[in-house]
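Source file: start_1.cif. Holds: mmCIF, C-alpha atoms and all ligand atoms.
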data_work
#
loop_
_atom_site.label_atom_id
_atom_site.label_comp_id
_atom_site.auth_asym_id
_atom_site.auth_seq_id
_atom_site.Cartn_x
_atom_site.Cartn_y
_atom_site.Cartn_z
CA MET R 1 -5.50 -1.10 22.38
CA PRO R 2 -5.39 -4.83 21.54
CA SER R 3 -2.52 -6.71 23.07
CA ARG R 4 -0.06 -8.84 21.14
CA GLY R 5 -2.08 -11.87 22.24
CA SER R 6 -5.42 -10.75 20.88
CA PRO R 7 -7.23 -13.20 18.60
CA PRO R 8 -6.42 -13.28 14.89
CA LEU R 9 -8.35 -10.95 12.65
CA PRO R 10 -11.03 -12.54 10.59
CA SER R 11 -11.34 -11.37 7.05
CA VAL R 12 -10.21 -8.30 5.23
CA GLY R 13 -9.31 -9.92 1.98
CA GLU R 14 -6.26 -11.69 3.29
CA GLY R 15 -5.38 -14.68 5.40
CA ARG R 16 -3.15 -15.27 8.35
CA GLY R 17 -3.01 -18.89 7.35
CA GLU R 18 0.43 -20.36 7.03
CA GLY R 19 2.75 -17.97 8.84
CA GLU R 20 5.10 -19.34 11.44
CA ARG R 21 3.18 -17.77 14.28
CA VAL R 22 -0.32 -18.69 13.22
CA GLY R 23 -1.96 -21.91 14.29
CA ALA R 24 -5.26 -22.38 12.51
CA PRO R 25 -4.84 -22.00 8.77
CA HIS R 26 -8.51 -22.06 7.86
CA GLU R 27 -9.73 -19.39 10.21
CA SER R 28 -9.46 -16.53 7.76
CA THR R 29 -11.62 -16.08 4.73
CA PHE R 30 -11.86 -13.80 1.76
CA ALA R 31 -15.31 -12.83 2.99
CA ALA R 32 -14.66 -9.14 2.33
CA VAL R 33 -14.43 -9.88 -1.36
CA GLY R 34 -16.71 -12.91 -1.41
CA LEU R 35 -14.07 -15.42 -2.39
CA MET R 36 -12.85 -18.80 -1.27
CA PRO R 37 -11.41 -19.63 2.13
CA VAL R 38 -7.64 -19.45 2.39
CA THR R 39 -6.16 -22.92 2.50
CA VAL R 40 -2.65 -23.96 3.37
CA THR R 41 -2.39 -25.80 0.06
CA HIS R 42 -2.91 -22.79 -2.17
CA PRO R 43 0.38 -22.65 -4.07
CA THR R 44 0.58 -18.88 -4.57
CA LYS R 45 0.90 -16.49 -1.67
CA ALA R 46 2.18 -13.12 -0.53
CA VAL R 47 4.23 -13.54 2.61
CA ILE R 48 4.11 -10.44 4.80
CA HIS R 49 7.21 -10.21 6.98
CA LEU R 50 6.08 -8.43 10.11
CA ASP R 51 9.61 -8.19 11.49
CA ARG R 52 10.58 -6.13 8.44
CA LEU R 53 7.49 -3.96 8.86
CA SER R 54 8.51 -3.28 12.48
CA HIS R 55 12.04 -2.47 11.33
CA ASN R 56 10.90 0.01 8.67
CA VAL R 57 8.45 1.75 10.97
CA GLU R 58 11.11 2.07 13.65
CA LEU R 59 13.53 3.53 11.12
CA LEU R 60 11.00 6.14 9.95
CA GLN R 61 9.91 6.96 13.48
CA GLY R 62 13.59 7.57 14.25
CA LEU R 63 13.63 10.24 11.54
CA VAL R 64 10.52 12.10 12.70
CA GLY R 65 11.14 11.77 16.44
CA SER R 66 8.15 11.79 18.74
CA ARG R 67 5.70 13.09 16.14
CA PRO R 68 2.70 10.84 15.53
CA MET R 69 2.94 8.68 12.40
CA TRP R 70 -0.32 7.87 10.67
CA PRO R 71 0.60 5.05 8.28
CA ALA R 72 -1.18 4.86 4.94
CA ILE R 73 -2.84 1.45 4.67
CA LYS R 74 -5.11 2.30 1.75
CA ALA R 75 -5.48 -0.04 -1.24
CA ASN R 76 -5.28 -3.08 1.03
CA ALA R 77 -2.12 -1.69 2.64
CA TYR R 78 -0.44 -1.21 -0.76
CA GLY R 79 -1.36 -4.80 -1.55
CA HIS R 80 0.11 -6.22 1.65
CA GLY R 81 -3.22 -6.98 3.36
CA ALA R 82 -4.71 -4.12 5.37
CA GLY R 83 -5.88 -6.38 8.20
CA ILE R 84 -2.49 -7.97 8.77
CA VAL R 85 -0.64 -4.67 8.49
CA ALA R 86 -3.00 -2.62 10.64
CA ARG R 87 -3.16 -5.24 13.32
CA HIS R 88 0.61 -5.40 13.56
CA LEU R 89 0.93 -1.62 13.62
CA ILE R 90 -1.64 -1.46 16.38
CA ASP R 91 0.45 -3.99 18.29
CA LEU R 92 3.40 -1.62 17.81
CA GLY R 93 1.37 1.21 19.33
CA TYR R 94 0.01 3.01 16.24
CA SER R 95 -3.61 4.02 16.46
CA THR R 96 -4.41 6.32 13.52
CA PHE R 97 -4.28 5.16 9.91
CA CYS R 98 -4.82 6.78 6.54
CA VAL R 99 -7.09 5.10 4.01
CA ALA R 100 -8.49 6.47 0.80
CA HIS R 101 -12.14 5.54 1.15
CA VAL R 102 -14.91 5.19 3.71
CA ALA R 103 -15.39 1.59 2.55
CA GLU R 104 -11.78 0.70 3.42
CA ALA R 105 -12.20 1.98 6.97
CA ALA R 106 -15.58 0.28 7.25
CA ALA R 107 -14.07 -3.10 6.29
CA LEU R 108 -11.30 -2.77 8.87
CA LEU R 109 -13.64 -1.61 11.63
CA GLY R 110 -16.01 -4.42 10.68
CA ALA R 111 -13.14 -6.86 11.14
CA GLY R 112 -12.79 -5.70 14.73
CA LEU R 113 -9.89 -3.29 14.43
CA GLU R 114 -9.83 -0.51 16.98
CA ALA R 115 -8.27 2.53 15.37
CA LYS R 116 -8.91 6.00 13.99
CA PHE R 117 -9.10 6.47 10.24
CA VAL R 118 -8.31 9.58 8.24
CA ILE R 119 -10.15 9.35 4.90
CA LEU R 120 -7.75 10.90 2.40
CA SER R 121 -9.95 11.09 -0.70
CA ALA R 122 -12.87 13.47 -1.04
CA ILE R 123 -16.19 11.99 0.05
CA LEU R 124 -19.57 12.62 -1.49
CA PRO R 125 -22.29 14.21 0.67
CA GLU R 126 -24.24 10.95 0.65
CA GLN R 127 -21.32 9.22 2.39
CA ALA R 128 -21.52 11.61 5.34
CA GLU R 129 -24.01 9.52 7.32
CA GLU R 130 -21.76 6.46 7.18
CA ALA R 131 -18.65 8.49 8.00
CA VAL R 132 -20.38 9.91 11.07
CA ALA R 133 -21.76 6.54 12.16
CA LEU R 134 -18.29 4.98 11.93
CA GLY R 135 -16.55 7.88 13.67
CA LEU R 136 -14.20 8.47 10.73
CA GLU R 137 -12.06 11.56 10.15
CA PRO R 138 -12.66 12.68 6.57
CA VAL R 139 -10.51 15.12 4.68
CA VAL R 140 -12.69 18.03 3.58
CA ALA R 141 -12.15 20.70 0.96
CA ASN R 142 -15.57 21.72 -0.29
CA ARG R 143 -18.77 23.00 1.23
CA GLU R 144 -21.00 20.16 0.05
CA ALA R 145 -19.26 17.36 1.97
CA LEU R 146 -18.52 19.60 4.95
CA GLU R 147 -22.14 20.68 5.36
CA ALA R 148 -23.42 17.12 4.90
CA LEU R 149 -21.04 15.94 7.65
CA ASP R 150 -22.25 18.74 9.91
CA ARG R 151 -25.90 17.84 9.25
CA GLU R 152 -25.41 14.13 9.85
CA ALA R 153 -23.34 14.70 12.99
CA ARG R 154 -25.95 17.01 14.50
CA LYS R 155 -28.69 14.54 13.57
CA ALA R 156 -26.75 11.82 15.40
CA GLY R 157 -26.16 14.12 18.38
CA THR R 158 -22.40 14.06 17.94
CA THR R 159 -19.54 15.91 16.27
CA ILE R 160 -17.22 14.65 13.54
CA SER R 161 -13.50 15.44 13.34
CA VAL R 162 -12.30 16.56 9.93
CA HIS R 163 -9.00 17.49 8.30
CA VAL R 164 -9.07 20.54 6.04
CA LYS R 165 -6.99 19.95 2.94
CA ILE R 166 -5.10 22.85 1.42
CA ASP R 167 -4.14 22.58 -2.22
CA THR R 168 -0.55 23.79 -2.11
CA GLY R 169 0.30 22.42 -5.53
CA MET R 170 -1.00 18.93 -6.19
CA ALA R 171 -4.19 20.21 -7.82
CA ARG R 172 -6.30 17.15 -7.03
CA ILE R 173 -8.43 18.17 -4.06
CA GLY R 174 -8.00 20.99 -1.62
CA VAL R 175 -8.99 24.50 -0.64
CA ALA R 176 -6.97 27.16 -2.46
CA PRO R 177 -4.54 28.81 -0.01
CA GLY R 178 -6.21 32.18 -0.50
CA GLU R 179 -9.59 30.75 0.49
CA ALA R 180 -8.42 28.79 3.52
CA GLY R 181 -9.30 31.48 6.08
CA GLU R 182 -12.86 31.77 4.87
CA TYR R 183 -13.27 27.99 4.71
CA LEU R 184 -12.00 27.57 8.25
CA ARG R 185 -14.34 30.29 9.49
CA HIS R 186 -17.21 28.45 7.83
CA CYS R 187 -16.13 25.20 9.51
CA ARG R 188 -16.17 26.92 12.89
CA ALA R 189 -19.72 28.07 12.35
CA LEU R 190 -20.86 24.46 11.99
CA SER R 191 -21.48 22.91 15.40
CA GLY R 192 -21.40 19.32 14.14
CA VAL R 193 -17.88 19.61 12.78
CA ARG R 194 -14.58 19.88 14.66
CA VAL R 195 -11.54 20.78 12.60
CA LYS R 196 -8.82 18.52 13.94
CA GLY R 197 -6.22 18.80 11.24
CA LEU R 198 -4.87 21.03 8.51
CA MET R 199 -3.13 19.08 5.78
CA SER R 200 -1.65 19.08 2.31
CA HIS R 201 0.03 16.64 -0.05
CA PHE R 202 3.19 16.79 -2.15
CA ALA R 203 3.24 16.48 -5.91
CA ARG R 204 7.02 16.28 -6.41
CA ALA R 205 8.72 15.45 -3.11
CA ASP R 206 10.13 12.27 -4.64
CA GLU R 207 12.19 14.14 -7.23
CA GLU R 208 15.82 15.10 -6.94
CA ASP R 209 15.00 18.78 -7.45
CA LYS R 210 13.10 19.81 -4.33
CA LYS R 211 12.24 23.33 -5.52
CA ASP R 212 8.52 22.65 -6.05
CA ALA R 213 8.25 20.67 -2.84
CA MET R 214 9.87 23.51 -0.86
CA ALA R 215 7.44 25.98 -2.43
CA GLN R 216 4.54 23.74 -1.32
CA ILE R 217 5.91 23.70 2.24
CA ALA R 218 6.17 27.50 2.22
CA ARG R 219 2.55 27.85 1.01
CA PHE R 220 1.35 25.41 3.66
CA ARG R 221 3.29 27.18 6.39
CA THR R 222 1.71 30.53 5.47
CA VAL R 223 -1.79 29.05 5.62
CA ALA R 224 -0.99 27.27 8.89
CA GLU R 225 0.31 30.50 10.48
CA ALA R 226 -2.85 32.37 9.53
CA ALA R 227 -4.98 29.46 10.77
CA ARG R 228 -3.64 29.80 14.30
CA GLU R 229 -6.59 32.06 15.14
CA HIS R 230 -8.84 28.99 14.75
CA GLY R 231 -7.15 27.20 17.63
CA PRO R 232 -4.62 24.37 17.67
CA LEU R 233 -4.78 22.23 14.55
CA ILE R 234 -2.64 19.18 13.79
CA ARG R 235 -0.66 20.18 10.71
CA HIS R 236 0.34 17.25 8.49
CA MET R 237 1.86 17.04 5.05
CA ALA R 238 4.76 14.59 4.82
CA ASN R 239 4.52 11.41 2.77
CA SER R 240 7.42 8.92 2.55
CA ALA R 241 9.52 11.05 0.21
CA ALA R 242 9.19 14.08 2.45
CA ILE R 243 9.93 12.07 5.59
CA LEU R 244 13.13 10.88 3.97
CA ASP R 245 14.35 14.05 2.31
CA LEU R 246 12.43 17.08 3.65
CA PRO R 247 12.61 17.47 7.44
CA ASP R 248 11.02 20.94 7.08
CA SER R 249 7.80 19.18 6.13
CA TYR R 250 7.35 17.20 9.34
CA PHE R 251 5.04 19.69 11.13
CA ASP R 252 2.90 17.88 13.76
CA ALA R 253 2.23 14.45 12.21
CA VAL R 254 3.38 12.45 9.17
CA ARG R 255 1.70 10.02 6.76
CA PRO R 256 4.16 7.45 5.42
CA GLY R 257 2.96 4.88 2.91
CA ILE R 258 5.35 3.07 0.58
CA SER R 259 8.35 3.37 2.93
CA ILE R 260 6.75 1.39 5.75
CA TYR R 261 6.51 -1.45 3.23
CA GLY R 262 10.27 -1.19 2.74
CA ILE R 263 10.35 0.49 -0.64
CA ALA R 264 11.81 3.82 -1.71
CA PRO R 265 9.29 6.33 -3.10
CA SER R 266 11.56 6.80 -6.12
CA PRO R 267 15.17 6.20 -7.19
CA ALA R 268 15.88 9.93 -6.71
CA MET R 269 15.83 9.94 -2.93
CA ALA R 270 18.94 11.17 -1.11
CA ASN R 271 18.55 9.98 2.47
CA PRO R 272 20.97 7.08 3.12
CA ALA R 273 18.43 5.61 5.59
CA LEU R 274 16.74 4.37 2.46
CA ARG R 275 19.24 1.59 2.07
CA GLN R 276 18.16 0.19 5.41
CA LEU R 277 14.52 -0.25 4.40
CA ARG R 278 13.52 -3.90 4.01
CA PRO R 279 10.81 -4.96 1.54
CA VAL R 280 7.99 -6.47 3.58
CA LEU R 281 6.32 -8.57 0.90
CA ASP R 282 7.54 -11.73 -0.82
CA TRP R 283 5.34 -13.13 -3.57
CA THR R 284 5.79 -16.81 -4.26
CA THR R 285 4.19 -19.63 -6.20
CA ARG R 286 5.00 -23.28 -6.96
CA ILE R 287 5.46 -25.42 -10.03
CA VAL R 288 2.25 -27.38 -10.65
CA PHE R 289 3.22 -28.98 -13.98
CA LEU R 290 6.52 -29.78 -15.66
CA LYS R 291 7.07 -31.05 -19.19
CA GLU R 292 9.67 -31.52 -21.92
CA VAL R 293 8.62 -30.05 -25.24
CA ALA R 294 10.08 -30.54 -28.69
CA PRO R 295 11.75 -27.77 -30.71
CA GLY R 296 9.16 -25.67 -32.51
CA THR R 297 6.44 -26.03 -29.88
CA GLY R 298 4.10 -23.03 -29.64
CA LEU R 299 3.45 -22.08 -26.02
CA GLY R 300 0.21 -20.70 -24.58
CA TYR R 301 -2.46 -18.43 -26.09
CA GLY R 302 -1.51 -17.15 -29.51
CA HIS R 303 1.69 -19.20 -29.54
CA THR R 304 3.58 -15.97 -28.99
CA PHE R 305 6.63 -18.03 -28.05
CA ARG R 306 7.91 -20.99 -30.08
CA THR R 307 10.74 -23.09 -28.68
CA GLU R 308 13.93 -23.18 -30.73
CA ARG R 309 15.27 -26.24 -28.96
CA ALA R 310 14.02 -29.08 -26.77
CA SER R 311 12.87 -27.25 -23.64
CA LEU R 312 11.80 -27.99 -20.09
CA ILE R 313 8.76 -25.86 -19.36
CA ALA R 314 7.27 -25.26 -15.90
CA THR R 315 3.66 -24.20 -15.42
CA LEU R 316 3.02 -21.83 -12.51
CA PRO R 317 -0.49 -21.23 -11.12
CA ILE R 318 -0.34 -17.48 -11.37
CA GLY R 319 -1.74 -15.10 -13.94
CA TYR R 320 -3.21 -11.69 -14.51
CA GLY R 321 -6.22 -12.82 -12.42
CA ASP R 322 -3.81 -12.64 -9.48
CA GLY R 323 -2.51 -9.22 -10.49
CA PHE R 324 0.54 -10.71 -12.20
CA PRO R 325 0.92 -8.32 -15.14
CA ARG R 326 0.07 -9.76 -18.55
CA ASN R 327 2.62 -7.37 -20.00
CA LEU R 328 5.31 -9.61 -18.51
CA SER R 329 4.49 -12.12 -21.28
CA ASN R 330 7.80 -13.05 -22.95
CA LYS R 331 9.44 -10.29 -20.89
CA GLY R 332 9.53 -11.11 -17.21
CA VAL R 333 11.53 -13.53 -15.09
CA ILE R 334 10.73 -15.68 -12.08
CA LEU R 335 13.29 -17.09 -9.67
CA LEU R 336 13.45 -20.89 -9.69
CA GLY R 337 16.32 -22.98 -8.38
CA GLY R 338 18.09 -19.73 -7.53
CA MET R 339 18.10 -18.65 -11.19
CA ARG R 340 16.27 -15.99 -13.16
CA CYS R 341 14.06 -18.06 -15.47
CA PRO R 342 12.28 -16.39 -18.40
CA ILE R 343 8.50 -16.23 -18.72
CA VAL R 344 7.68 -17.76 -22.10
CA GLY R 345 4.41 -17.26 -23.97
CA ARG R 346 1.49 -15.20 -22.75
CA VAL R 347 0.68 -14.77 -19.10
CA SER R 348 -2.92 -15.98 -18.97
CA MET R 349 -5.58 -15.41 -16.32
CA ASP R 350 -4.51 -18.22 -14.03
CA GLN R 351 -1.31 -19.73 -15.38
CA SER R 352 2.09 -18.74 -16.68
CA LEU R 353 4.90 -20.70 -18.32
CA VAL R 354 8.57 -20.49 -17.48
CA ASP R 355 11.54 -21.98 -19.34
CA VAL R 356 13.49 -24.02 -16.79
CA SER R 357 15.70 -25.88 -19.29
CA ALA R 358 18.77 -24.54 -17.47
CA LEU R 359 17.61 -26.39 -14.36
CA ARG R 360 17.22 -29.89 -15.87
CA GLY R 361 17.77 -32.50 -13.20
CA ARG R 362 17.54 -29.86 -10.47
CA VAL R 363 13.88 -28.87 -10.70
CA ALA R 364 10.77 -30.74 -9.59
CA LEU R 365 7.02 -30.46 -9.28
CA GLY R 366 6.15 -28.33 -6.23
CA ASP R 367 9.35 -26.29 -6.29
CA GLU R 368 8.95 -22.69 -5.20
CA GLY R 369 9.10 -19.84 -7.69
CA VAL R 370 9.69 -16.31 -6.48
CA ILE R 371 7.94 -13.45 -8.24
CA ILE R 372 9.00 -10.80 -5.72
CA GLY R 373 11.68 -11.62 -3.17
CA ARG R 374 14.98 -13.45 -2.82
CA GLN R 375 16.04 -16.94 -3.76
CA GLY R 376 19.67 -17.87 -3.18
CA SER R 377 21.77 -14.94 -4.29
CA GLU R 378 19.14 -13.61 -6.71
CA GLU R 379 16.44 -11.05 -5.95
CA ILE R 380 13.50 -9.60 -7.85
CA THR R 381 11.94 -6.46 -6.38
CA ALA R 382 8.66 -4.73 -7.12
CA VAL R 383 10.85 -1.92 -8.45
CA ASP R 384 12.50 -4.31 -10.96
CA ILE R 385 9.11 -5.40 -12.28
CA ALA R 386 7.87 -1.81 -12.42
CA GLU R 387 10.92 -0.68 -14.37
CA ARG R 388 10.47 -3.53 -16.84
CA LEU R 389 6.89 -2.43 -17.43
CA GLY R 390 7.41 1.32 -17.37
CA THR R 391 5.36 1.89 -14.24
CA ILE R 392 5.98 2.33 -10.50
CA ASP R 393 6.30 -0.23 -7.72
CA TYR R 394 3.18 1.23 -6.04
CA GLU R 395 1.13 -0.10 -8.96
CA ILE R 396 2.78 -3.54 -9.02
CA LEU R 397 2.09 -4.04 -5.31
CA THR R 398 -1.44 -2.66 -5.16
CA ARG R 399 -2.58 -4.78 -8.07
CA ILE R 400 -1.70 -8.07 -6.33
CA GLY R 401 -5.14 -9.60 -6.42
CA ALA R 402 -7.66 -10.67 -3.82
CA ARG R 403 -7.10 -14.28 -4.87
CA VAL R 404 -3.55 -14.25 -3.48
CA PRO R 405 -3.58 -15.10 0.23
CA ARG R 406 -1.58 -12.72 2.39
CA VAL R 407 0.23 -14.76 5.00
CA ALA R 408 1.84 -13.18 8.05
CA SER R 409 5.35 -14.26 8.96
CA GLY R 410 7.61 -13.23 11.83
CA THR R 411 6.62 -10.99 14.70
C1 LIG M 1 -2.72 12.23 0.87
C2 LIG M 1 -1.67 11.18 0.98
N1 LIG M 1 -0.85 11.17 2.03
C3 LIG M 1 0.13 10.26 2.16
C4 LIG M 1 0.32 9.26 1.21
C5 LIG M 1 1.45 8.28 1.35
O1 LIG M 1 2.36 8.44 0.29
P1 LIG M 1 3.65 7.52 0.12
O2 LIG M 1 3.15 6.15 -0.14
O3 LIG M 1 4.35 8.07 -1.06
O4 LIG M 1 4.40 7.62 1.39
C6 LIG M 1 -0.53 9.24 0.10
C7 LIG M 1 -0.33 8.22 -0.94
O5 LIG M 1 -0.59 8.34 -2.09
C8 LIG M 1 -1.55 10.22 -0.02
O6 LIG M 1 -2.38 10.24 -1.08
#

Produce structure tokens that represent the structure in this file.
Amino acid sequence: MPSRGSPPLPSVGEGRGEGERVGAPHESTFAAVGLMPVTVTHPTKAVIHLDRLSHNVELLQGLVGSRPMWPAIKANAYGHGAGIVARHLIDLGYSTFCVAHVAEAAALLGAGLEAKFVILSAILPEQAEEAVALGLEPVVANREALEALDREARKAGTTISVHVKIDTGMARIGVAPGEAGEYLRHCRALSGVRVKGLMSHFARADEEDKKDAMAQIARFRTVAEAAREHGPLIRHMANSAAILDLPDSYFDAVRPGISIYGIAPSPAMANPALRQLRPVLDWTTRIVFLKEVAPGTGLGYGHTFRTERASLIATLPIGYGDGFPRNLSNKGVILLGGMRCPIVGRVSMDQSLVDVSALRGRVALGDEGVIIGRQGSEEITAVDIAERLGTIDYEILTRIGARVPRVASGT
């Protein structure tokens, strides 16, 4: 396992440029996505607070005791930068991670990370060769992928560990509970495959009414009991919501995602531990242009906002090309000078406009604007933005674009 002093990761679509504990700001690149090098002067960034990540993980580990936690770092660690997050979690002693796709694991392994990867989404048979070559642990639920993995593993003179997914109620992928026994018997007949885990996933654990979630646990338990004849399997089912509110779901390992990033899976959660979670990501930018405009000035594409009075307008170098939602046009706010300042006109690809008239005399070129995070006594969370747009915080975070450098802060 790498020590705390191991060299900085190169590139997985995020930088370790400007954080307090990082010396060489130009060492990271966006090579994984073929973009520009991270520079310290780039005015927009996502600051990843590693101390808060440690705190959240410790809190969750406290709930599940000594059971292994396999953090979900798919979708670029929910937008936080998979390299930065995985590296820190490895430093904390975690060694197995959940990603959605073979390509996500391949990028992290290619960046030098030493860890095991459970591939949560179904793979196609033609991905089996790569999964075997990389030593991944795919989730399996059909014969096609399973048999391709077996073939490729035998060809390579090895075995591949897989996790059999049982569909207890999500109805995305999974073996029907009634067919689990037969599927497991088939797995055992394949010498290239070793069934390491038996797993399932909740559809409604984040709701106040836990009836459906409890029924899923009961179905999973029945399958797991019957599966005992196939030897010891690691049974895993719990996502963040279940870790918080459904101790019966812990089984042998858990797979937290959103909660390690300091965010509640939904407003309906009961566990008071929730209030101790700390959001890991701050998203900031800086004013690159400031101007007074006359009353009646149309702002931005389509002039969807026209000033009613003389206004001081700040231009921020952030737009939908950075994952800043265009639907925040004339709707959202950004913190500047400790105040919630309205976005005026359309959010464009690279730039947005904010009315800072209330800050006249107290605002200057280069001042920091906070999209997600705190400034003074004000705070904007990913949840706030999601609620404004009628979506969930998961989406707001995962859409933060590759162009936004992720910068590690704290230890
Ligand atoms: C199969 C599986 N397990 C665990 C997780 C983690 O879920 P959460 O982020 O709600 O903790 C996910 C995320 O969608 C998932 O798909």

In Å, rounded to a single decimal, give me how far CA of Ser240 in chain R is from CA of Ala226 in chain R.
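According to the coordinates, CA of Ala226 in chain R and CA of Ser240 in chain R are separated by 26.5 Å.
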
Could you give me, as a Markdown table, a per-residue list for chain R showing, wherever an atom lies at most 9 Å from an atom of ligand LIG 1 (chain M), the closest pair of atoms and their distance in Å to one decimal, using all atoms listed in the file and sorting by chain then residue number from low to high?
| residue | atom | partner | partner_atom | distance |
| --- | --- | --- | --- | --- |
| R:Trp70 | CA | M:LIG1 | C3 | 8.9 |
| R:Pro71 | CA | M:LIG1 | C5 | 7.7 |
| R:Ala72 | CA | M:LIG1 | C5 | 5.6 |
| R:Ile73 | CA | M:LIG1 | C5 | 8.7 |
| R:Lys74 | CA | M:LIG1 | C7 | 8.1 |
| R:Tyr78 | CA | M:LIG1 | O2 | 8.2 |
| R:Cys98 | CA | M:LIG1 | N1 | 7.4 |
| R:Val99 | CA | M:LIG1 | C8 | 8.6 |
| R:Ala100 | CA | M:LIG1 | O6 | 7.4 |
| R:Ile119 | CA | M:LIG1 | C1 | 8.9 |
| R:Leu120 | CA | M:LIG1 | C1 | 5.4 |
| R:Ser121 | CA | M:LIG1 | C1 | 7.5 |
| R:Met199 | CA | M:LIG1 | C1 | 8.4 |
| R:Ser200 | CA | M:LIG1 | C1 | 7.1 |
| R:His201 | CA | M:LIG1 | C1 | 5.3 |
| R:Phe202 | CA | M:LIG1 | C1 | 8.1 |
| R:Ala205 | CA | M:LIG1 | O3 | 8.8 |
| R:Asp206 | CA | M:LIG1 | O3 | 8.0 |
| R:His236 | CA | M:LIG1 | N1 | 9.0 |
| R:Met237 | CA | M:LIG1 | N1 | 7.1 |
| R:Ala238 | CA | M:LIG1 | C3 | 6.9 |
| R:Asn239 | CA | M:LIG1 | O4 | 4.0 |
| R:Ser240 | CA | M:LIG1 | O4 | 3.5 |
| R:Ala241 | CA | M:LIG1 | O3 | 6.1 |
| R:Ala242 | CA | M:LIG1 | O4 | 8.1 |
| R:Ile243 | CA | M:LIG1 | O4 | 8.2 |
| R:Val254 | CA | M:LIG1 | C3 | 8.0 |
| R:Arg255 | CA | M:LIG1 | C3 | 4.9 |
| R:Pro256 | CA | M:LIG1 | O4 | 4.0 |
| R:Gly257 | CA | M:LIG1 | O2 | 3.3 |
| R:Ile258 | CA | M:LIG1 | O2 | 3.9 |
| R:Ser259 | CA | M:LIG1 | O4 | 6.0 |
| R:Ile260 | CA | M:LIG1 | O4 | 8.0 |
| R:Tyr261 | CA | M:LIG1 | O2 | 9.0 |
| R:Ala264 | CA | M:LIG1 | O3 | 8.6 |
| R:Pro265 | CA | M:LIG1 | O3 | 5.6 |
| R:Ser266 | CA | M:LIG1 | O3 | 8.9 |
| R:Tyr394 | CA | M:LIG1 | O2 | 7.7 |

Suppose we keep C-alpha atoms; can you now write the selection as a compact mmCIF listing (two decimals), keeping the file's coordinate frame?
# COMPACT_ATOMS: atom_id res chain seq x y z
CA TRP R 70 -0.32 7.87 10.67
CA PRO R 71 0.60 5.05 8.28
CA ALA R 72 -1.18 4.86 4.94
CA ILE R 73 -2.84 1.45 4.67
CA LYS R 74 -5.11 2.30 1.75
CA TYR R 78 -0.44 -1.21 -0.76
CA CYS R 98 -4.82 6.78 6.54
CA VAL R 99 -7.09 5.10 4.01
CA ALA R 100 -8.49 6.47 0.80
CA ILE R 119 -10.15 9.35 4.90
CA LEU R 120 -7.75 10.90 2.40
CA SER R 121 -9.95 11.09 -0.70
CA MET R 199 -3.13 19.08 5.78
CA SER R 200 -1.65 19.08 2.31
CA HIS R 201 0.03 16.64 -0.05
CA PHE R 202 3.19 16.79 -2.15
CA ALA R 205 8.72 15.45 -3.11
CA ASP R 206 10.13 12.27 -4.64
CA HIS R 236 0.34 17.25 8.49
CA MET R 237 1.86 17.04 5.05
CA ALA R 238 4.76 14.59 4.82
CA ASN R 239 4.52 11.41 2.77
CA SER R 240 7.42 8.92 2.55
CA ALA R 241 9.52 11.05 0.21
CA ALA R 242 9.19 14.08 2.45
CA ILE R 243 9.93 12.07 5.59
CA VAL R 254 3.38 12.45 9.17
CA ARG R 255 1.70 10.02 6.76
CA PRO R 256 4.16 7.45 5.42
CA GLY R 257 2.96 4.88 2.91
CA ILE R 258 5.35 3.07 0.58
CA SER R 259 8.35 3.37 2.93
CA ILE R 260 6.75 1.39 5.75
CA TYR R 261 6.51 -1.45 3.23
CA ALA R 264 11.81 3.82 -1.71
CA PRO R 265 9.29 6.33 -3.10
CA SER R 266 11.56 6.80 -6.12
CA TYR R 394 3.18 1.23 -6.04

Report as JSON lines the residues of range 301-392 of chain R within 12 Å of range 398-409 of chain R, each with its shortest atom pair and distance in Å (one decimal), using all atoms listed in the file, ordered by chain and increasing residue number.
{"residue": "R:Pro317", "atom": "CA", "partner": "R:Val404", "partner_atom": "CA", "distance": 10.8}
{"residue": "R:Ile318", "atom": "CA", "partner": "R:Val404", "partner_atom": "CA", "distance": 9.1}
{"residue": "R:Gly319", "atom": "CA", "partner": "R:Gly401", "partner_atom": "CA", "distance": 9.9}
{"residue": "R:Tyr320", "atom": "CA", "partner": "R:Gly401", "partner_atom": "CA", "distance": 8.6}
{"residue": "R:Gly321", "atom": "CA", "partner": "R:Gly401", "partner_atom": "CA", "distance": 6.9}
{"residue": "R:Asp322", "atom": "CA", "partner": "R:Gly401", "partner_atom": "CA", "distance": 4.5}
{"residue": "R:Gly323", "atom": "CA", "partner": "R:Ile400", "partner_atom": "CA", "distance": 4.4}
{"residue": "R:Phe324", "atom": "CA", "partner": "R:Ile400", "partner_atom": "CA", "distance": 6.8}
{"residue": "R:Pro325", "atom": "CA", "partner": "R:Arg399", "partner_atom": "CA", "distance": 8.6}
{"residue": "R:Arg326", "atom": "CA", "partner": "R:Arg399", "partner_atom": "CA", "distance": 11.9}
{"residue": "R:Met349", "atom": "CA", "partner": "R:Gly401", "partner_atom": "CA", "distance": 11.5}
{"residue": "R:Asp350", "atom": "CA", "partner": "R:Arg403", "partner_atom": "CA", "distance": 10.3}
{"residue": "R:Ile371", "atom": "CA", "partner": "R:Ile400", "partner_atom": "CA", "distance": 11.2}
{"residue": "R:Ile372", "atom": "CA", "partner": "R:Ile400", "partner_atom": "CA", "distance": 11.1}
{"residue": "R:Ala382", "atom": "CA", "partner": "R:Thr398", "partner_atom": "CA", "distance": 10.5}
{"residue": "R:Ala386", "atom": "CA", "partner": "R:Arg399", "partner_atom": "CA", "distance": 11.7}
{"residue": "R:Ile392", "atom": "CA", "partner": "R:Thr398", "partner_atom": "CA", "distance": 10.4}
